[in-house]
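Pasting final.cif here (mmCIF, C-alpha atoms):
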```cif
data_run
loop_
_atom_site.label_atom_id
_atom_site.label_comp_id
_atom_site.auth_asym_id
_atom_site.auth_seq_id
_atom_site.Cartn_x
_atom_site.Cartn_y
_atom_site.Cartn_z
CA MET R 36 144.09 93.95 115.51
CA LEU R 37 141.84 96.46 113.75
CA LYS R 38 138.78 94.56 115.01
CA LYS R 39 140.05 94.65 118.62
CA LEU R 40 140.76 98.38 118.34
CA PHE R 41 137.28 98.94 116.91
CA ILE R 42 135.63 97.04 119.78
CA TYR R 43 137.69 98.92 122.36
CA GLU R 44 136.86 102.31 120.81
CA TRP R 45 133.17 101.41 120.64
CA LYS R 46 133.05 100.38 124.31
CA GLU R 47 134.83 103.58 125.32
CA THR R 48 132.53 105.95 123.43
CA TRP R 49 129.05 104.46 123.05
CA LYS R 50 127.54 105.59 126.36
CA LEU R 51 127.69 109.36 125.79
CA VAL R 52 126.63 109.38 122.14
CA ALA R 53 123.91 106.80 122.80
CA LEU R 54 122.59 109.05 125.60
CA LEU R 55 122.49 112.07 123.24
CA ASN R 56 120.54 110.05 120.69
CA LEU R 57 118.16 108.75 123.35
CA ILE R 58 117.49 112.31 124.51
CA VAL R 59 116.42 113.29 120.98
CA ILE R 60 114.30 110.14 120.70
CA GLY R 61 112.67 110.92 124.06
CA VAL R 62 111.99 114.56 123.18
CA THR R 63 110.52 113.43 119.84
CA ALA R 64 108.28 110.87 121.55
CA ILE R 65 107.01 113.53 123.95
CA GLY R 66 106.25 115.87 121.06
CA VAL R 67 104.39 113.22 119.06
CA PHE R 68 102.41 112.26 122.19
CA LEU R 69 101.48 115.87 122.98
CA LEU R 70 100.44 116.63 119.41
CA SER R 71 98.26 113.52 119.31
CA MET R 72 96.32 114.48 122.46
CA ASP R 73 92.77 115.73 121.94
CA GLY R 74 93.26 118.32 124.66
CA TRP R 75 95.95 120.05 122.60
CA GLN R 76 93.46 121.05 119.91
CA ASN R 77 90.97 122.30 122.52
CA MET R 78 93.52 124.26 124.53
CA ASP R 79 93.39 128.03 124.71
CA ASP R 80 95.46 129.57 121.90
CA ARG R 81 97.69 131.47 124.33
CA TYR R 82 98.59 128.39 126.36
CA ALA R 83 99.02 126.33 123.20
CA ALA R 84 101.39 128.96 121.80
CA ILE R 85 103.45 129.09 125.02
CA LEU R 86 103.70 125.30 125.30
CA GLY R 87 104.45 125.03 121.59
CA MET R 88 107.21 127.61 121.90
CA LEU R 89 108.72 125.93 124.95
CA TYR R 90 108.66 122.51 123.33
CA GLY R 91 109.98 123.88 120.04
CA THR R 92 112.91 125.50 121.84
CA VAL R 93 113.78 122.30 123.70
CA TYR R 94 113.40 120.24 120.52
CA ILE R 95 115.62 122.52 118.42
CA ILE R 96 118.28 122.61 121.16
CA ALA R 97 118.23 118.80 121.37
CA ILE R 98 118.58 118.42 117.58
CA ILE R 99 121.38 120.99 117.33
CA ALA R 100 123.17 119.53 120.36
CA LEU R 101 123.08 116.04 118.84
CA SER R 102 124.24 117.16 115.40
CA ILE R 103 127.16 119.18 116.80
CA ALA R 104 128.12 117.33 119.97
CA VAL R 105 128.70 113.94 118.33
CA GLY R 106 131.25 115.34 115.87
CA VAL R 107 132.94 117.57 118.44
CA TYR R 108 133.16 114.70 120.93
CA PHE R 109 134.99 112.43 118.49
CA TYR R 110 137.28 115.25 117.30
CA ILE R 111 138.26 116.04 120.90
CA ARG R 112 138.82 112.35 121.57
CA PHE R 113 141.04 112.11 118.50
CA PHE R 114 143.05 115.10 119.71
CA LYS R 115 143.49 113.66 123.21
CA ASN R 116 144.44 110.22 121.90
CA PHE R 117 147.09 111.51 119.50
CA TYR R 118 148.26 114.99 120.46
CA SER R 119 147.89 115.32 124.24
CA ASP R 120 149.92 113.63 126.98
CA GLU R 121 147.71 110.61 126.44
CA GLY R 122 149.04 110.48 122.89
CA TYR R 123 152.49 109.42 124.09
CA LEU R 124 150.98 106.30 125.65
CA MET R 125 148.95 105.67 122.49
CA GLN R 126 152.12 105.69 120.40
CA THR R 127 153.62 102.91 122.51
CA LEU R 128 150.88 100.42 121.60
CA PRO R 129 152.05 97.56 119.34
CA VAL R 130 149.72 98.64 116.52
CA THR R 131 150.10 100.84 113.47
CA LYS R 132 148.86 104.43 113.38
CA HIS R 133 146.87 103.42 110.33
CA ASP R 134 144.83 100.92 112.37
CA LEU R 135 144.43 103.36 115.25
CA ILE R 136 143.03 106.09 113.03
CA LEU R 137 140.79 103.73 111.06
CA SER R 138 139.30 102.16 114.18
CA LYS R 139 138.43 105.59 115.56
CA ALA R 140 137.14 106.81 112.20
CA PHE R 141 134.89 103.76 111.74
CA VAL R 142 133.31 104.14 115.18
CA ALA R 143 132.86 107.89 114.78
CA SER R 144 131.38 107.42 111.29
CA ILE R 145 128.87 104.83 112.51
CA TRP R 146 127.68 107.10 115.31
CA SER R 147 127.57 110.06 112.94
CA LEU R 148 125.39 108.02 110.58
CA ILE R 149 123.14 106.80 113.42
CA SER R 150 122.71 110.37 114.68
CA SER R 151 121.84 111.61 111.18
CA VAL R 152 119.19 108.89 110.82
CA VAL R 153 117.77 109.66 114.28
CA ILE R 154 117.51 113.37 113.41
CA ALA R 155 115.91 112.68 110.02
CA VAL R 156 113.35 110.26 111.49
CA SER R 157 112.66 112.65 114.37
CA VAL R 158 111.93 115.57 112.05
CA ALA R 159 109.73 113.35 109.85
CA LEU R 160 107.72 112.16 112.89
CA ILE R 161 107.18 115.70 114.19
CA ILE R 162 106.09 116.94 110.75
CA ASN R 163 103.72 113.97 110.45
CA ALA R 164 102.29 114.63 113.92
CA LEU R 165 101.65 118.28 113.03
CA ALA R 166 99.96 117.22 109.79
CA VAL R 167 97.79 114.64 111.56
CA MET R 168 96.76 117.29 114.07
CA ASP R 169 95.51 119.37 111.14
CA GLY R 170 93.64 116.40 109.73
CA GLN R 171 96.13 115.56 106.99
CA ASN R 172 97.99 112.36 106.13
CA ILE R 173 101.24 113.36 104.46
CA TRP R 174 102.53 109.85 103.82
CA ALA R 175 99.28 108.69 102.26
CA GLU R 176 99.29 111.71 99.95
CA ILE R 177 102.94 111.17 99.04
CA SER R 178 102.32 107.49 98.33
CA LYS R 179 99.36 108.39 96.16
CA GLU R 180 101.40 110.91 94.17
CA ILE R 181 104.26 108.42 93.73
CA ALA R 182 101.87 105.75 92.49
CA LYS R 183 100.26 108.26 90.11
CA ALA R 184 103.66 109.34 88.72
CA GLY R 185 104.91 105.75 88.43
CA VAL R 186 108.39 106.54 89.69
CA GLN R 187 108.77 103.75 92.27
CA LYS R 188 111.91 102.27 90.68
CA GLU R 189 113.54 105.67 90.33
CA LEU R 190 112.85 106.45 93.99
CA ILE R 191 114.36 103.13 95.07
CA ILE R 192 117.53 103.98 93.13
CA ILE R 193 117.57 107.47 94.62
CA GLY R 194 117.08 105.99 98.09
CA ILE R 195 120.03 103.64 97.61
CA LEU R 196 122.19 106.54 96.40
CA VAL R 197 121.12 108.62 99.39
CA VAL R 198 122.11 105.83 101.79
CA ILE R 199 125.49 105.45 100.06
CA SER R 200 125.94 109.21 100.14
CA MET R 201 125.16 109.31 103.87
CA ILE R 202 127.68 106.54 104.60
CA VAL R 203 130.42 108.15 102.51
CA GLY R 204 129.53 111.60 103.86
CA SER R 205 129.76 110.41 107.48
CA PHE R 206 133.21 108.93 106.93
CA ALA R 207 134.38 111.97 104.95
CA GLY R 208 133.12 114.31 107.66
CA VAL R 209 134.98 112.41 110.37
CA MET R 210 138.21 112.28 108.37
CA SER R 211 137.89 115.98 107.53
CA GLY R 212 137.73 116.72 111.24
CA TYR R 213 140.74 114.52 111.95
CA VAL R 214 142.75 116.23 109.20
CA ALA R 215 141.71 119.65 110.51
CA VAL R 216 142.78 118.75 114.05
CA SER R 217 146.13 117.51 112.73
CA ILE R 218 146.66 120.70 110.70
CA GLY R 219 145.90 122.78 113.78
CA GLN R 220 148.74 121.11 115.67
CA LEU R 221 151.23 122.51 113.14
CA PHE R 222 150.66 126.01 114.53
CA PRO R 223 152.60 126.96 117.68
CA LYS R 224 149.75 129.15 118.93
CA MET R 225 145.96 129.24 118.56
CA LYS R 226 145.81 125.57 117.64
CA ILE R 227 142.06 125.34 118.25
CA LEU R 228 141.33 128.32 116.00
CA ALA R 229 143.66 126.90 113.36
CA SER R 230 141.85 123.56 113.54
CA ILE R 231 138.45 125.24 113.20
CA GLY R 232 139.70 127.33 110.28
CA ALA R 233 141.15 124.25 108.58
CA PHE R 234 137.87 122.37 109.06
CA VAL R 235 135.87 125.23 107.52
CA LEU R 236 138.22 125.40 104.53
CA ILE R 237 138.18 121.63 104.02
CA SER R 238 134.37 121.52 104.27
CA PHE R 239 134.10 124.40 101.80
CA ALA R 240 136.46 122.66 99.37
CA ILE R 241 134.41 119.46 99.59
CA GLN R 242 131.19 121.38 99.00
CA VAL R 243 132.68 123.14 95.95
CA ALA R 244 133.99 119.85 94.54
CA GLY R 245 130.60 118.24 95.10
CA SER R 246 128.79 121.11 93.39
CA ILE R 247 131.13 120.94 90.41
CA GLY R 248 130.62 117.18 90.19
CA ASN R 249 126.83 117.53 90.34
CA THR R 250 126.90 120.21 87.67
CA GLN R 251 128.95 118.02 85.34
CA MET R 252 126.59 115.09 85.94
CA MET R 253 123.64 117.24 84.84
CA PHE R 254 125.23 117.79 81.42
CA LEU R 255 126.15 114.16 80.80
#
```
What does this structure look like when you write it as structure tokens?
Amino acid sequence: MLKKLFIYEWKETWKLVALLNLIVIGVTAIGVFLLSMDGWQNMDDRYAAILGMLYGTVYIIAIIALSIAVGVYFYIRFFKNFYSDEGYLMQTLPVTKHDLILSKAFVASIWSLISSVVIAVSVALIINALAVMDGQNIWAEISKEIAKAGVQKELIIIGILVVISMIVGSFAGVMSGYVAVSIGQLFPKMKILASIGAFVLISFAIQVAGSIGNTQMMFL
């Protein structure tokens, strides 16, 4: 049943979040293409500054929109599915609440992870395009420094830990939002503000716990 719920949730949500990711990918591709054009370097400084500012604004808006909208979209969907009028119908389904929540959390976590990867790759591509425009090759220099330091194995381990951290962080972020939405429903008034406040407090608590854990690891 969990698999069926997962497939249903995926089909119901993928179009919007996929579109948001495609917009960022498209904006990134345009930026890389523009920065690779020979005419960009020969353009008048004033026009280059104006175009650069316009593109930078659009790019930043697209990145921020993706990073925020994906989470907000799934939190709102969770609220509608469980606490609005639609929630009454949801409760009549012959499935457990546990499976309902998990199916939604898994889908939301996957899209959160995909969006994080898209943003990270996008930023890396733009930085690389800017460096290439200035006649530099960042990745070649980084590879050279890594080879010189002889830390390939350590970086592989760090990379694996980063991937695990991203997966766990995506799921934790989604569940934090779900818990915050649920806490907000306990208040008779200002439920949205209560949910936002709960989310901020939960996120802060997680950050503090993570910092304490990292500090203890340093002294082991």
Margin query: From the options R:Ser157, R:Ser144, R:Thr48, R:Ser119, which residue's atoms come nearest to Tyr94 of chain R, counting all atoms listed in the file?
Written below: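 Closest to Tyr94 of chain R, using all atoms listed in the file: R:Ser157.
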Checklist line | Contacts of segment 191-207 of chain R within 8 Å, all atoms listed in the file, excl. fewer than 3 positions in-chain, as a PyMOL selection string | finding: chain R and resi 140-141+143-145+147-148+187-188+210-211
Note to self: So, with all atoms listed in the file as the atoms that count, which of R:Ile173, R:Val243, R:Val216, R:Leu40 lies closest to Pro129 of chain R?
What the structure shows: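 Result for the nearest residue to Pro129 of chain R: R:Leu40.
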If you take all atoms listed in the file and a cut-off of 8 Å, which residues of segment 95-150 of chain R touch segment 57-66 of chain R, and what are their nearest atom pairs and distances in Å to one decimal, in chain and number order, as a tab-separated table?
```
residue	atom	partner	partner_atom	distance
R:Ala97	CA	R:Val59	CA	5.8
R:Ile98	CA	R:Val59	CA	6.5
R:Leu101	CA	R:Val59	CA	7.5
```
If you take every atom of segment 229-233 of chain R that the file lists and fit an axis-aligned box around them with 4 Å extra on each side, what centre and edge lengths come out in Å to one decimal, as AutoDock Vina command-line options?
```
--center_x 141.1 --center_y 125.4 --center_z 111.1 --size_x 13.2 --size_y 11.8 --size_z 13.0
```
Next item on the list: Enter the distance from atom CA of Ala104 of chain R to atom CA of Ser151 of chain R, in Å, rounded to one decimal.
Entry: 12.2 Å
Notebook entry, point to check: Quick one: residues within 9 Å of Val105 of chain R, all atoms listed in the file counted, chain neighbours fewer than 3 positions away excluded, as a list in words?
Noted result: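 Using all atoms listed in the file, the neighbours found are Leu51, Val52, Leu55, Ala100, Leu101, Ser102, Tyr108, Phe109, Tyr110, Ala143, Trp146, Ser147 and Ser150 of chain R.
The gap separating atom CA of Ile161 of chain R from atom CA of Met72 of chain R is 13.7 Å, in Å to one decimal.
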Next item on the list: For atom CA of Lys139 of chain R and atom CA of Ile96 of chain R, determine how far apart the two atoms are, in Å to one decimal place.
Entry: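 Here the two named atoms are 27.0 Å from each other.
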Would you tabulate, counting all atoms listed in the file, all residues of segment 96-181 of chain R that have an atom at most 12 Å from an atom of segment 223-235 of chain R, showing the closest pair of atoms and their distance in Å to one decimal, sorted by chain then ascending number, as JSON lines?
```
{"residue": "R:Gly106", "atom": "CA", "partner": "R:Phe234", "partner_atom": "CA", "distance": 11.8}
{"residue": "R:Val107", "atom": "CA", "partner": "R:Ile231", "partner_atom": "CA", "distance": 10.8}
{"residue": "R:Tyr110", "atom": "CA", "partner": "R:Ser230", "partner_atom": "CA", "distance": 10.2}
{"residue": "R:Ile111", "atom": "CA", "partner": "R:Ile227", "partner_atom": "CA", "distance": 10.4}
{"residue": "R:Phe114", "atom": "CA", "partner": "R:Ile227", "partner_atom": "CA", "distance": 10.4}
{"residue": "R:Tyr118", "atom": "CA", "partner": "R:Lys226", "partner_atom": "CA", "distance": 11.2}
```
Once you have the residues from the selection above, write them out as a compact mmCIF listing (two decimals), in the frame of the given file, restricted to C-alpha atoms.
```
# COMPACT_ATOMS: atom_id res chain seq x y z
CA GLY R 106 131.25 115.34 115.87
CA VAL R 107 132.94 117.57 118.44
CA TYR R 110 137.28 115.25 117.30
CA ILE R 111 138.26 116.04 120.90
CA PHE R 114 143.05 115.10 119.71
CA TYR R 118 148.26 114.99 120.46
```
Next item on the list: Translate the PyMOL selection byres ((chain R and resi 165) around 12), as applied to the file shown, into an explicit residue set as a ChimeraX atom specification.
Entry: /R:66-72,75-76,87,158-164,166-173
Output C-alpha atoms for every residue in that selection, as a PDB file, in the coordinates of the input.
```pdb
ATOM      1  CA  GLY R  66     106.250 115.870 121.060  1.00  0.00           C
ATOM      2  CA  VAL R  67     104.390 113.220 119.060  1.00  0.00           C
ATOM      3  CA  PHE R  68     102.410 112.260 122.190  1.00  0.00           C
ATOM      4  CA  LEU R  69     101.480 115.870 122.980  1.00  0.00           C
ATOM      5  CA  LEU R  70     100.440 116.630 119.410  1.00  0.00           C
ATOM      6  CA  SER R  71      98.260 113.520 119.310  1.00  0.00           C
ATOM      7  CA  MET R  72      96.320 114.480 122.460  1.00  0.00           C
ATOM      8  CA  TRP R  75      95.950 120.050 122.600  1.00  0.00           C
ATOM      9  CA  GLN R  76      93.460 121.050 119.910  1.00  0.00           C
ATOM     10  CA  GLY R  87     104.450 125.030 121.590  1.00  0.00           C
ATOM     11  CA  VAL R 158     111.930 115.570 112.050  1.00  0.00           C
ATOM     12  CA  ALA R 159     109.730 113.350 109.850  1.00  0.00           C
ATOM     13  CA  LEU R 160     107.720 112.160 112.890  1.00  0.00           C
ATOM     14  CA  ILE R 161     107.180 115.700 114.190  1.00  0.00           C
ATOM     15  CA  ILE R 162     106.090 116.940 110.750  1.00  0.00           C
ATOM     16  CA  ASN R 163     103.720 113.970 110.450  1.00  0.00           C
ATOM     17  CA  ALA R 164     102.290 114.630 113.920  1.00  0.00           C
ATOM     18  CA  ALA R 166      99.960 117.220 109.790  1.00  0.00           C
ATOM     19  CA  VAL R 167      97.790 114.640 111.560  1.00  0.00           C
ATOM     20  CA  MET R 168      96.760 117.290 114.070  1.00  0.00           C
ATOM     21  CA  ASP R 169      95.510 119.370 111.140  1.00  0.00           C
ATOM     22  CA  GLY R 170      93.640 116.400 109.730  1.00  0.00           C
ATOM     23  CA  GLN R 171      96.130 115.560 106.990  1.00  0.00           C
ATOM     24  CA  ASN R 172      97.990 112.360 106.130  1.00  0.00           C
ATOM     25  CA  ILE R 173     101.240 113.360 104.460  1.00  0.00           C
TER      26      ILE R 173
END
```
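Minimum atom-to-atom distance to Ser217 of chain R, evaluated using all atoms listed in the file, belongs to R:Ile136 out of R:Ile136, R:Val93, R:Val130, R:Met88.
Of the listed residues R:Ile177, R:Ala215, R:Leu135, R:Ile103, the one whose atoms come nearest to Phe117 of chain R is R:Leu135, with distances taken using all atoms listed in the file.
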Margin query: When the PyMOL selection byres ((chain R and resi 39) around 12) is applied to the structure above, which residues does it catch, written out as a list in words?
Written below: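 Applied to this file, the PyMOL selection byres ((chain R and resi 39) around 12) returns Met36, Leu37, Lys38, Leu40, Phe41, Ile42, Tyr43, Glu44, Trp45, Lys46, Val130, Asp134, Leu135, Leu137, Ser138 and Lys139 of chain R.
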Just-selected residues, C-alpha atoms written as a PDB file, in the frame of the given file:
```pdb
ATOM      1  CA  MET R  36     144.090  93.950 115.510  1.00  0.00           C
ATOM      2  CA  LEU R  37     141.840  96.460 113.750  1.00  0.00           C
ATOM      3  CA  LYS R  38     138.780  94.560 115.010  1.00  0.00           C
ATOM      4  CA  LEU R  40     140.760  98.380 118.340  1.00  0.00           C
ATOM      5  CA  PHE R  41     137.280  98.940 116.910  1.00  0.00           C
ATOM      6  CA  ILE R  42     135.630  97.040 119.780  1.00  0.00           C
ATOM      7  CA  TYR R  43     137.690  98.920 122.360  1.00  0.00           C
ATOM      8  CA  GLU R  44     136.860 102.310 120.810  1.00  0.00           C
ATOM      9  CA  TRP R  45     133.170 101.410 120.640  1.00  0.00           C
ATOM     10  CA  LYS R  46     133.050 100.380 124.310  1.00  0.00           C
ATOM     11  CA  VAL R 130     149.720  98.640 116.520  1.00  0.00           C
ATOM     12  CA  ASP R 134     144.830 100.920 112.370  1.00  0.00           C
ATOM     13  CA  LEU R 135     144.430 103.360 115.250  1.00  0.00           C
ATOM     14  CA  LEU R 137     140.790 103.730 111.060  1.00  0.00           C
ATOM     15  CA  SER R 138     139.300 102.160 114.180  1.00  0.00           C
ATOM     16  CA  LYS R 139     138.430 105.590 115.560  1.00  0.00           C
TER      17      LYS R 139
END
```
